[in-house]
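J.: Compact mmCIF, C-alpha atoms, file structure_1.txt:
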# COMPACT_ATOMS: atom_id res chain seq x y z
CA GLY A 1 46.34 12.22 19.04
CA GLY A 2 46.00 15.61 20.69
CA GLY A 3 48.36 17.37 18.27
CA ARG A 4 46.23 16.85 15.17
CA ALA A 5 43.50 19.43 15.43
CA SER A 6 41.34 19.94 12.38
CA GLY A 7 38.61 22.42 11.65
CA PRO A 8 35.25 21.79 9.99
CA GLY A 9 36.62 22.70 6.56
CA GLU A 10 39.51 20.28 6.83
CA PHE A 11 37.16 17.55 8.03
CA TYR A 12 34.68 18.19 5.21
CA TRP A 13 37.18 18.33 2.36
CA GLY A 14 39.01 15.36 3.82
CA LEU A 15 35.99 13.16 3.13
CA PRO A 16 36.19 11.03 -0.04
CA LYS A 17 34.12 12.60 -2.81
CA ILE A 18 31.13 10.21 -2.88
CA THR A 19 30.76 10.18 0.91
CA ARG A 20 31.15 13.97 0.88
CA ALA A 21 28.40 14.33 -1.74
CA TRP A 22 26.06 11.96 0.15
CA PHE A 23 26.75 13.79 3.43
CA THR A 24 26.20 17.21 1.79
CA ILE A 25 22.91 16.30 0.11
CA THR A 26 21.59 14.70 3.32
CA ILE A 27 22.45 17.76 5.43
CA ALA A 28 21.06 20.13 2.78
CA LEU A 29 17.73 18.31 2.46
CA THR A 30 17.33 18.18 6.24
CA ILE A 31 17.95 21.93 6.57
CA LEU A 32 15.65 22.77 3.65
CA CYS A 33 12.87 20.68 5.19
CA ALA A 34 13.48 22.13 8.67
CA VAL A 35 13.03 25.72 7.43
CA GLY A 36 10.02 24.81 5.30
CA MET A 37 11.59 25.45 1.89
CA VAL A 38 11.12 21.82 0.84
CA SER A 39 8.47 19.32 1.90
CA PRO A 40 9.44 15.70 2.64
CA ASN A 41 6.38 14.79 0.57
CA THR A 42 8.34 15.79 -2.54
CA LEU A 43 11.36 13.65 -1.58
CA TYR A 44 10.11 10.18 -0.67
CA LEU A 45 10.12 7.21 -3.03
CA ASP A 46 6.88 7.23 -5.00
CA TRP A 47 6.99 5.25 -8.23
CA GLY A 48 3.76 6.80 -9.46
CA SER A 49 5.27 10.29 -9.25
CA ILE A 50 8.54 9.10 -10.79
CA LEU A 51 6.98 7.30 -13.75
CA ARG A 52 3.90 9.44 -14.44
CA ARG A 53 4.98 12.90 -13.29
CA PHE A 54 8.67 12.45 -14.15
CA GLN A 55 9.77 13.45 -10.63
CA VAL A 56 12.96 11.46 -11.17
CA TRP A 57 14.81 13.19 -8.33
CA ARG A 58 12.84 11.02 -5.89
CA ALA A 59 14.96 8.03 -6.95
CA MET A 60 17.93 9.85 -5.36
CA THR A 61 16.40 11.91 -2.55
CA ALA A 62 14.75 8.82 -1.05
CA PHE A 63 18.30 7.66 -0.22
CA CYS A 64 19.49 11.04 1.08
CA PHE A 65 17.04 12.01 3.82
CA LEU A 66 17.34 11.04 7.49
CA GLY A 67 14.34 12.89 8.88
CA LYS A 68 14.20 15.86 11.19
CA PHE A 69 17.04 17.00 13.42
CA GLY A 70 17.41 14.91 16.55
CA TRP A 71 19.49 12.22 18.19
CA PRO A 72 18.73 9.48 15.60
CA PHE A 73 19.67 11.94 12.84
CA VAL A 74 23.01 12.71 14.51
CA VAL A 75 23.81 9.04 15.16
CA ASN A 76 23.04 8.00 11.58
CA LEU A 77 25.03 10.94 10.20
CA ILE A 78 28.01 9.81 12.32
CA PHE A 79 27.62 6.32 10.86
CA MET A 80 27.55 7.78 7.35
CA VAL A 81 30.71 9.79 7.89
CA GLN A 82 32.58 7.01 9.65
CA TYR A 83 31.72 3.86 7.74
CA SER A 84 30.92 5.18 4.28
CA LYS A 85 34.18 7.15 4.44
CA THR A 86 36.27 4.16 5.50
CA LEU A 87 34.58 1.85 3.01
CA GLU A 88 35.08 4.33 0.18
CA LYS A 89 38.78 4.50 1.08
CA ASP A 90 38.89 0.71 0.76
CA PHE A 91 38.14 1.26 -2.93
CA GLN A 92 41.53 3.02 -3.16
CA GLY A 93 40.25 6.16 -4.79
CA ARG A 94 38.00 4.42 -7.34
CA ALA A 95 35.09 6.75 -6.63
CA SER A 96 33.02 5.52 -9.57
CA GLU A 97 33.29 1.92 -8.33
CA PHE A 98 32.12 2.90 -4.84
CA LEU A 99 29.24 4.91 -6.31
CA TRP A 100 28.31 1.92 -8.47
CA MET A 101 28.17 -0.25 -5.35
CA LEU A 102 25.73 2.24 -3.82
CA ILE A 103 23.66 2.30 -7.03
CA LEU A 104 23.47 -1.51 -7.15
CA GLY A 105 22.51 -1.51 -3.48
CA ALA A 106 19.85 1.15 -4.03
CA ILE A 107 18.33 -0.83 -6.90
CA ALA A 108 18.19 -4.02 -4.82
CA ILE A 109 16.77 -2.18 -1.80
CA SER A 110 14.11 -0.54 -3.99
CA VAL A 111 13.02 -3.94 -5.31
CA ILE A 112 12.77 -5.38 -1.80
CA ASN A 113 10.92 -2.26 -0.68
CA LEU A 114 8.09 -3.02 -3.11
CA HIS A 115 6.93 -5.34 -0.32
CA PHE A 116 7.65 -3.05 2.67
CA ASP A 117 6.73 0.28 1.04
CA MET A 118 9.03 2.41 3.21
CA PRO A 119 9.03 6.06 2.01
CA PHE A 120 12.73 6.70 2.65
CA LEU A 121 15.54 4.20 2.14
CA THR A 122 18.57 6.03 3.49
CA ILE A 123 18.79 3.70 6.50
CA PRO A 124 18.91 0.45 4.47
CA LEU A 125 21.57 1.90 2.14
CA LEU A 126 23.59 3.25 5.07
CA PHE A 127 23.47 -0.07 6.89
CA MET A 128 24.42 -1.88 3.70
CA THR A 129 27.69 0.08 3.81
CA ILE A 130 28.14 -0.83 7.49
CA TRP A 131 27.66 -4.53 6.67
CA VAL A 132 30.15 -4.49 3.79
CA TRP A 133 32.61 -2.55 5.95
CA SER A 134 32.27 -5.10 8.75
CA ARG A 135 32.98 -7.95 6.31
CA LYS A 136 36.08 -6.19 4.99
CA HIS A 137 37.37 -5.44 8.50
CA PRO A 138 35.99 -8.36 10.56
CA ASN A 139 38.68 -8.23 13.24
CA ALA A 140 38.62 -4.51 13.99
CA GLN A 141 37.96 -3.82 17.67
CA MET A 142 35.07 -1.45 18.36
CA SER A 143 34.81 0.43 21.64
CA VAL A 144 31.14 0.82 22.57
CA PHE A 145 30.56 3.92 24.72
CA GLY A 146 33.97 3.24 26.23
CA LEU A 147 32.40 0.43 28.26
CA PHE A 148 33.37 -2.68 26.34
CA ASN A 149 34.91 -3.81 23.06
CA ILE A 150 33.22 -5.76 20.31
CA MET A 151 34.64 -7.22 17.11
CA SER A 152 33.40 -5.36 14.07
CA ALA A 153 32.05 -8.60 12.58
CA TYR A 154 29.37 -8.50 15.32
CA PHE A 155 28.89 -4.73 15.28
CA PRO A 156 25.91 -4.77 12.85
CA TRP A 157 24.00 -7.06 15.20
CA PHE A 158 24.77 -4.80 18.14
CA LEU A 159 23.22 -1.96 16.15
CA ILE A 160 20.04 -4.01 15.75
CA VAL A 161 19.79 -4.20 19.54
CA VAL A 162 20.44 -0.45 19.88
CA THR A 163 17.77 0.32 17.26
CA MET A 164 15.20 -1.78 19.09
CA LEU A 165 16.12 -0.33 22.51
CA MET A 166 15.56 3.14 21.06
CA GLY A 167 12.07 2.06 19.99
CA GLY A 168 12.85 1.76 16.29
CA SER A 169 12.13 -1.00 13.82
CA PRO A 170 15.07 -3.15 12.70
CA VAL A 171 13.53 -3.78 9.27
CA GLY A 172 15.58 -1.09 7.54
CA ASN A 173 18.78 -2.36 9.13
CA LEU A 174 18.04 -5.95 8.13
CA ILE A 175 17.24 -5.03 4.53
CA GLY A 176 20.56 -3.19 4.33
CA TYR A 177 22.43 -6.13 5.86
CA PHE A 178 20.80 -8.57 3.46
CA VAL A 179 21.68 -6.52 0.39
CA GLY A 180 25.19 -5.88 1.70
CA HIS A 181 25.69 -9.58 2.34
CA ILE A 182 24.53 -10.51 -1.17
CA TYR A 183 26.82 -7.89 -2.69
CA TYR A 184 29.87 -8.91 -0.66
CA PHE A 185 29.31 -12.64 -1.07
CA PHE A 186 28.99 -12.56 -4.83
CA LYS A 187 31.70 -9.94 -5.41
CA GLU A 188 34.32 -11.23 -2.98
CA ASN A 189 33.61 -14.83 -1.97
CA TYR A 190 31.70 -16.81 -4.60
CA PRO A 191 34.26 -17.92 -7.24
CA PRO A 192 31.96 -17.95 -10.32
CA THR A 193 30.92 -14.32 -9.76
CA ARG A 194 33.93 -12.91 -7.93
CA ASP A 195 34.92 -9.58 -9.53
CA HIS A 196 32.29 -10.08 -12.24
CA ALA A 197 31.86 -7.19 -14.68
CA ILE A 198 28.48 -6.31 -13.14
CA PHE A 199 30.28 -5.08 -10.02
CA PHE A 200 32.28 -2.51 -11.95
CA PRO A 201 30.84 0.78 -13.19
CA PRO A 202 29.92 1.33 -16.84
CA ALA A 203 32.29 3.49 -18.86
CA MET A 204 29.82 6.40 -18.82
CA LEU A 205 29.84 6.52 -15.02
CA GLN A 206 33.62 6.27 -14.94
CA LYS A 207 33.84 9.31 -17.21
CA LEU A 208 31.24 11.18 -15.17
CA VAL A 209 32.86 10.50 -11.80
CA GLU A 210 36.57 11.11 -11.86
CA ASP A 211 38.53 8.75 -9.63
CA GLU A 212 40.89 10.09 -7.01
CA GLY A 213 44.06 8.49 -5.73
CA PHE A 214 44.49 7.78 -2.05
CA GLY A 215 47.78 5.95 -2.29
CA ALA A 216 49.42 5.38 1.07
CA GLN A 217 46.41 6.87 2.85
CA THR A 218 44.34 3.85 1.88
CA ALA A 219 46.97 1.40 3.07
CA ALA A 220 46.45 2.77 6.56
CA ALA A 221 42.66 2.48 6.36
CA GLY A 222 42.56 -0.64 8.52
CA GLY A 223 44.53 1.12 11.21
CA ALA A 224 42.22 4.11 10.95
CA VAL A 225 39.26 1.82 11.54
CA ARG A 226 40.86 0.26 14.59
CA ALA A 227 41.69 3.73 15.85
CA GLY A 228 38.06 4.64 15.29
CA GLY A 229 38.67 7.79 13.25
CA GLY A 230 37.94 9.90 16.31
CA VAL A 231 34.16 9.50 15.99
CA PRO A 232 32.27 9.17 19.29
CA PRO A 233 30.52 7.43 20.92
CA TRP A 234 31.27 4.12 19.19
CA GLY A 235 33.76 3.05 16.59
CA GLY A 236 36.72 3.97 18.75
CA GLY A 237 39.61 1.67 19.34
Starting from the file, give its structure as structure tokens.
T.:
Amino acid sequence: GGGRASGPGEFYWGLPKITRAWFTITIALTILCAVGMVSPNTLYLDWGSILRRFQVWRAMTAFCFLGKFGWPFVVNLIFMVQYSKTLEKDFQGRASEFLWMLILGAIAISVINLHFDMPFLTIPLLFMTIWVWSRKHPNAQMSVFGLFNIMSAYFPWFLIVVTMLMGGSPVGNLIGYFVGHIYYFFKENYPPTRDHAIFFPPAMLQKLVEDEGFGAQTAAAGGAVRAGGGVPPWGGG
């Protein structure tokens, strides 16, 4: 609606806390690398440096770097804001549970990456969230560039086509989709493991990350998805 203007501050603080932290760290690392204060060589996933040199931050920064400024960076940042935000709201303010989902996803992606040896894994983790979101909202209508609509259940596959048309490799997307599918299937669909304790954060993480209540705001999350959250050029209703 045209009567609901919001400034950058309102937008930023309106993000759920885990999405806001992920967004902030990603922007900060990109800026620090762009001005030469930090080298990407100190951020990528390198198990030798983590285990022998105790550069443990790499286990986090490898999932929080989208490369240099440019169109792919902007597109992926839009995806992070839109789909991580909406998915986190689906957790109804249980920030520690959403963070635990990301941690489980990061662990699984890191194991799979032992074969692919990709230096940065932000894309697989980001597209894991898109996959889980699309399973939770399979009937949401997505407007693609304002040209045609697509059901959100098929949206991840559309993104594969876009990635390839832009000259990128779909491997990162597919790894994220695979991990997201495994997570969603065993947590939501497979009776023996549905809502198993492994999918819920340990007490230490719950104490570390204070949950926040969304209340009625979360109940409208599905409508917000269908409305697209005002994020161009796709995701609109």
J.: If we count all atoms listed in the file, what is near range 111-113 of chain A at a cut-off of 10 Å, once residues fewer than 5 positions away on the same chain are taken out, given as a PyMOL selection string?
T.: chain A and resi 45+105-106+118-121+124+172+175+179
J.: Within 8 Å of range 18-29 of chain A, counting all atoms listed in the file, which residues show up once you throw out same-chain ones fewer than 4 positions away? Write them as an MDAnalysis selection string, please.
T.: chainID A and resid 12:13 33 38 64:66 77 80:81 84:85 88 95 98:99
J.: Report, in Å to a single decimal, how far apart CA of Ser169 in chain A and CA of Gln55 in chain A are.
T.: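 Answer for the CA of Gln55 in chain A to CA of Ser169 in chain A separation: 28.5 Å.
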J.: Find the distance between CA of Thr163 in chain A and CA of Leu125 in chain A and write it in Å to one decimal.
T.: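 Here the two named atoms are 15.7 Å from each other.
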J.: Which value, in Å to one decimal, gives the distance between CA of Ala108 in chain A and CA of Ile182 in chain A?
T.: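 Atom-to-atom, CA of Ala108 in chain A and CA of Ile182 in chain A are spaced 9.8 Å apart.
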J.: Residues within 12 Å of Gly48 in chain A, please, as a VMD selection string. Count only C-alpha atoms; anything in the same chain fewer than 6 positions from it doesn't count.
T.: chain A and resid 54 to 56 58 to 59
J.: Keeping only C-alpha atoms, write the selected residues to a file as a PDB file, keeping the file's coordinate frame.
T.:
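selection-v7.pdb was written with the following content:
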ATOM      1  CA  PHE A  54       8.670  12.450 -14.150  1.00  0.00           C
ATOM      2  CA  GLN A  55       9.770  13.450 -10.630  1.00  0.00           C
ATOM      3  CA  VAL A  56      12.960  11.460 -11.170  1.00  0.00           C
ATOM      4  CA  ARG A  58      12.840  11.020  -5.890  1.00  0.00           C
ATOM      5  CA  ALA A  59      14.960   8.030  -6.950  1.00  0.00           C
TER       6      ALA A  59
END
